[in-house]
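Enquirer: Contents of query-v7.txt (compact mmCIF, C-alpha atoms) are below:
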# COMPACT_ATOMS: atom_id res chain seq x y z
CA MET A 1 -9.62 -7.21 11.76
CA ASP A 2 -10.80 -10.15 9.68
CA TYR A 3 -8.24 -10.13 6.88
CA ASN A 4 -9.70 -13.28 5.31
CA ALA A 5 -13.00 -11.45 4.82
CA LEU A 6 -11.18 -8.36 3.50
CA CYS A 7 -9.31 -10.47 0.95
CA ALA A 8 -12.52 -12.24 -0.07
CA SER A 9 -14.19 -8.85 -0.58
CA LEU A 10 -11.27 -7.69 -2.71
CA ARG A 11 -11.34 -10.85 -4.82
CA ALA A 12 -15.10 -10.36 -5.41
CA LEU A 13 -14.48 -6.75 -6.49
CA ILE A 14 -11.63 -7.33 -8.94
CA ALA A 15 -11.91 -10.94 -10.21
CA GLY A 16 -12.20 -10.87 -13.97
CA VAL A 17 -12.15 -7.07 -14.21
CA PRO A 18 -9.57 -6.06 -16.84
CA HIS A 19 -9.02 -2.46 -15.67
CA LYS A 20 -5.91 -1.90 -13.53
CA ILE A 21 -6.69 1.62 -12.34
CA ALA A 22 -10.31 0.77 -11.49
CA ASN A 23 -9.23 -2.34 -9.59
CA LEU A 24 -6.59 -0.47 -7.59
CA ALA A 25 -9.06 2.35 -6.91
CA ASN A 26 -11.58 -0.12 -5.52
CA ALA A 27 -8.85 -1.85 -3.51
CA SER A 28 -7.78 1.43 -1.88
CA ALA A 29 -11.41 2.38 -1.16
CA LEU A 30 -12.03 -1.05 0.38
CA ILE A 31 -9.06 -0.67 2.73
CA PHE A 32 -9.80 2.94 3.63
CA ASN A 33 -13.42 2.20 4.46
CA THR A 34 -12.74 -1.06 6.33
CA LEU A 35 -9.65 -0.50 8.46
CA ASP A 36 -9.83 1.85 11.43
CA ASP A 37 -7.56 4.79 12.11
CA LEU A 38 -6.16 5.42 8.62
CA ASN A 39 -5.58 8.78 6.99
CA TRP A 40 -4.24 7.39 3.69
CA ALA A 41 -4.48 4.11 1.77
CA GLY A 42 -3.27 3.68 -1.75
CA PHE A 43 -0.74 2.65 -4.32
CA TYR A 44 2.47 3.88 -5.87
CA LEU A 45 3.41 2.26 -9.17
CA LEU A 46 6.93 1.99 -10.54
CA GLU A 47 7.71 3.89 -13.73
CA GLY A 48 11.35 3.18 -14.42
CA ASP A 49 12.92 3.46 -10.98
CA THR A 50 10.50 6.12 -9.68
CA LEU A 51 7.36 5.39 -7.68
CA VAL A 52 4.46 7.39 -9.11
CA LEU A 53 1.20 8.07 -7.27
CA GLY A 54 -1.59 5.69 -8.20
CA PRO A 55 -5.16 5.26 -6.96
CA PHE A 56 -5.66 6.19 -3.30
CA GLN A 57 -8.03 7.40 -0.60
CA GLY A 58 -7.04 10.26 1.69
CA LYS A 59 -5.42 13.67 1.47
CA PRO A 60 -3.38 14.70 -1.58
CA ALA A 61 -0.03 12.93 -1.65
CA CYS A 62 3.48 13.10 -3.03
CA ILE A 63 3.33 12.51 -6.78
CA GLU A 64 6.77 10.97 -7.24
CA ILE A 65 9.05 9.13 -4.84
CA GLY A 66 12.61 8.81 -6.07
CA PRO A 67 14.55 5.55 -6.01
CA GLY A 68 15.05 4.22 -2.50
CA ARG A 69 13.53 7.26 -0.78
CA GLY A 70 11.26 7.07 2.25
CA VAL A 71 9.38 4.06 3.54
CA CYS A 72 7.96 3.22 0.10
CA GLY A 73 11.41 3.33 -1.47
CA ALA A 74 12.77 1.11 1.31
CA ALA A 75 10.06 -1.48 0.56
CA VAL A 76 11.15 -1.55 -3.09
CA ARG A 77 14.88 -1.50 -2.32
CA GLU A 78 14.69 -4.25 0.31
CA GLY A 79 11.91 -6.23 -1.38
CA LYS A 80 10.01 -6.62 1.87
CA THR A 81 7.18 -5.15 3.88
CA GLN A 82 8.01 -2.08 5.95
CA LEU A 83 6.20 -1.76 9.30
CA VAL A 84 7.10 1.61 10.81
CA CYS A 85 5.81 2.37 14.30
CA ASN A 86 6.88 6.03 14.23
CA VAL A 87 7.71 7.52 10.83
CA HIS A 88 9.53 10.44 12.46
CA GLU A 89 12.20 7.99 13.59
CA PHE A 90 12.58 6.43 10.11
CA PRO A 91 15.75 7.67 8.36
CA GLY A 92 14.80 9.54 5.20
CA HIS A 93 11.05 9.57 5.86
CA ILE A 94 9.15 11.71 3.35
CA ALA A 95 6.45 13.78 5.04
CA CYS A 96 3.77 13.95 2.35
CA ASP A 97 1.20 14.48 5.11
CA SER A 98 2.39 15.87 8.43
CA ALA A 99 -0.56 14.13 10.15
CA SER A 100 0.89 10.67 9.38
CA ASN A 101 2.74 9.08 12.29
CA SER A 102 2.94 5.38 11.38
CA GLU A 103 3.14 3.56 8.07
CA LEU A 104 2.82 0.10 6.54
CA VAL A 105 4.14 -0.50 3.02
CA VAL A 106 3.91 -3.80 1.09
CA PRO A 107 5.74 -4.33 -2.22
CA ILE A 108 3.72 -5.60 -5.20
CA TYR A 109 5.26 -8.06 -7.66
CA SER A 110 4.58 -9.20 -11.20
CA ASN A 111 6.69 -11.80 -12.98
CA GLY A 112 9.28 -11.67 -10.22
CA LYS A 113 9.75 -7.89 -10.44
CA THR A 114 8.56 -5.19 -8.07
CA VAL A 115 5.93 -3.11 -9.87
CA GLY A 116 4.68 -0.92 -7.03
CA VAL A 117 3.67 -0.73 -3.39
CA LEU A 118 0.58 -0.63 -1.23
CA ASP A 119 0.99 2.20 1.28
CA LEU A 120 -1.08 2.72 4.45
CA ASP A 121 -0.67 5.70 6.78
CA SER A 122 -2.15 6.41 10.19
CA PRO A 123 -2.16 9.47 12.42
CA THR A 124 -1.52 7.16 15.41
CA VAL A 125 1.99 6.13 16.42
CA GLY A 126 2.16 2.33 16.59
CA ARG A 127 -1.12 1.83 14.70
CA PHE A 128 0.10 -1.13 12.62
CA THR A 129 0.94 -4.58 13.97
CA GLU A 130 2.56 -7.72 12.60
CA GLU A 131 -1.00 -9.04 12.10
CA ASP A 132 -1.76 -6.01 9.93
CA ALA A 133 1.43 -6.58 7.95
CA ALA A 134 0.58 -10.23 7.34
CA GLY A 135 -3.01 -9.33 6.44
CA MET A 136 -1.94 -6.68 3.96
CA GLU A 137 0.59 -9.07 2.43
CA GLU A 138 -2.29 -11.48 1.79
CA PHE A 139 -4.32 -8.59 0.35
CA VAL A 140 -1.46 -7.81 -2.05
CA LEU A 141 -1.27 -11.50 -3.03
CA VAL A 142 -4.90 -11.26 -4.16
CA ILE A 143 -3.97 -8.24 -6.29
CA GLU A 144 -0.98 -10.08 -7.75
CA GLU A 145 -3.07 -13.17 -8.53
CA GLU A 146 -6.17 -11.46 -9.90
CA MET A 147 -4.32 -8.73 -11.79
CA SER A 148 -1.22 -10.62 -12.97
CA ASN A 149 -1.82 -9.70 -16.61
CA GLN A 150 -2.42 -6.02 -15.73
CA LEU A 151 0.60 -5.25 -13.54
What does this structure look like when you write it as structure tokens?
Expert:
Amino acid sequence: MDYNALCASLRALIAGVPHKIANLANASALIFNTLDDLNWAGFYLLEGDTLVLGPFQGKPACIEIGPGRGVCGAAVREGKTQLVCNVHEFPGHIACDSASNSELVVPIYSNGKTVGVLDLDSPTVGRFTEEDAAGMEEFVLVIEEEMSNQL
């Protein structure tokens, strides 16, 4: 996967666009239609200490994720990317979609605070690599840079 090209495409889509939901919707569509072997790509945004479903591509999803719960909650709690080879072995995994077997979650920051996460799911165990994690962290940096006044 050419993550530099993916990030350039994202920047072209959202640069100067002042609409948070539209930008995140386009970002999730870009991921879902570019990366192979995904069944969900989207965002959860923090409201208080609860992650609330944001723009996404894929099957219907959990609407709220309580503080610290699941892989998304772990990303917020630990302040770092979560790369989970097999979600069924992750303590406290939330099965929003029983078809998901691996997950990659990257926290999103604004002004030094976590404001949400980017969440990717795959039906394939071991789908995500360290290269994917680094690429998605760069993708999130584009979001943080281009949308700093919206997050």
Enquirer: In terms of the shortest atom-to-atom distance over all atoms listed in the file, which of A:Ile14, A:Leu46, A:Cys7, A:Ala22 is closest to Gly116 of chain A?
Expert: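 When distances to Gly116 of chain A are compared using all atoms listed in the file, the smallest one comes from A:Leu46.
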Enquirer: What's the 10 Å shell around Ala15 of chain A, counting only C-alpha atoms, without same-chain residues fewer than 5 positions away, as a PyMOL selection string?
Expert: chain A and resi 10+23+142-143+145-147
Enquirer: Give, as JSON, the centre coordinates and the x, y and z edge lengths in Å to one decimal for an axis-aligned box around all listed atoms of segment 15-33 of chain A, padded by 3 Å on each side.
Expert:
{"center_x": -9.7, "center_y": -4.0, "center_z": -6.2, "size_x": 13.5, "size_y": 19.9, "size_z": 27.3}
Enquirer: Kindly indicate which residue among A:Leu53, A:Leu30, A:Ala134, A:Val106 lies nearest to Ala12 of chain A, using only C-alpha atoms for the distances.
Expert: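 For Ala12 of chain A, the nearest of the candidates is A:Leu30.
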Enquirer: Please report the interatomic distance between atom CA of Ser148 of chain A and atom CA of Ser102 of chain A in Å with one decimal.
Expert: 29.4 Å
Enquirer: Can you list, as a ChimeraX atom specification, every protein, DNA or RNA residue that comes within 9 Å of segment 68-70 of chain A when you count all atoms listed in the file, leaving out same-chain residues fewer than 6 positions away?
Expert: /A:49-50,76-78,90-95
Enquirer: Could you name the residues that touch Asn111 of chain A at 10 Å or less, counting all atoms listed in the file, but leaving out those on the same chain fewer than 6 positions away, as a list in words?
Expert: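 Everything that qualifies: Glu144, Ser148, Asn149 and Leu151 of chain A.
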Enquirer: Using all atoms listed in the file, find the one residue out of A:Gly42, A:Lys59, A:Pro123, A:Gly66 that sits nearest to Val105 of chain A.
Expert: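 Smallest separation from Val105 of chain A among the options: A:Gly42.
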Enquirer: Excluding Asp37 of chain A and any residue of its chain fewer than 2 positions from it, enumerate the residues within 7 Å of it, using all atoms listed in the file, and give them as a count of residues only.
Expert: 3
Enquirer: Residues within 12 Å of Glu137 of chain A, please, as a list in words. Count all atoms listed in the file; anything in the same chain fewer than 5 positions from it doesn't count.
Expert: Tyr3, Asn4, Leu6, Cys7, Lys80, Thr81, Gln82, Leu83, Leu104, Val105, Val106, Pro107, Ile108, Tyr109, Val117, Leu118, Asp119, Glu130, Glu131, Asp132, Val142, Ile143 and Glu144 of chain A
Enquirer: Given the point (4.6, 12.4, 10.2) in the file's coordinates, find the residues that have an atom at most 8 Å from it, counting all atoms listed in the file, and give them as a PyMOL selection string.
Expert: chain A and resi 86-88+95+97-102+123
Enquirer: Save out the residues we just selected, C-alpha atoms, as a PDB file, in the coordinates of the input.
Expert:
ATOM      1  CA  ASN A  86       6.880   6.030  14.230  1.00  0.00           C
ATOM      2  CA  VAL A  87       7.710   7.520  10.830  1.00  0.00           C
ATOM      3  CA  HIS A  88       9.530  10.440  12.460  1.00  0.00           C
ATOM      4  CA  ALA A  95       6.450  13.780   5.040  1.00  0.00           C
ATOM      5  CA  ASP A  97       1.200  14.480   5.110  1.00  0.00           C
ATOM      6  CA  SER A  98       2.390  15.870   8.430  1.00  0.00           C
ATOM      7  CA  ALA A  99      -0.560  14.130  10.150  1.00  0.00           C
ATOM      8  CA  SER A 100       0.890  10.670   9.380  1.00  0.00           C
ATOM      9  CA  ASN A 101       2.740   9.080  12.290  1.00  0.00           C
ATOM     10  CA  SER A 102       2.940   5.380  11.380  1.00  0.00           C
ATOM     11  CA  PRO A 123      -2.160   9.470  12.420  1.00  0.00           C
TER      12      PRO A 123
END
Enquirer: Rank nothing, just name the residue among A:Val84, A:Leu51, A:Ala41, A:Leu141 nearest to Leu120 of chain A, using all atoms listed in the file.
Expert: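 Smallest separation from Leu120 of chain A among the options: A:Ala41.
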Enquirer: How far is it from atom CA of Ile31 of chain A to atom CA of Thr129 of chain A, in Å with one decimal?
Expert: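 For atom CA of Ile31 of chain A relative to atom CA of Thr129 of chain A, the distance reads 15.5 Å.
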Enquirer: Counting all atoms listed in the file, which residue out of A:Ala8, A:Leu13, A:Val115, A:Ala27 sits closest to Gln150 of chain A?
Expert: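 For Gln150 of chain A, the nearest of the given residues is A:Val115.
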Enquirer: Grab the atom CA of Gly112 of chain A to atom CA of Phe32 of chain A distance for me, in Å with one decimal place.
Expert: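 About the pair atom CA of Gly112 of chain A and atom CA of Phe32 of chain A: they are 27.7 Å apart.
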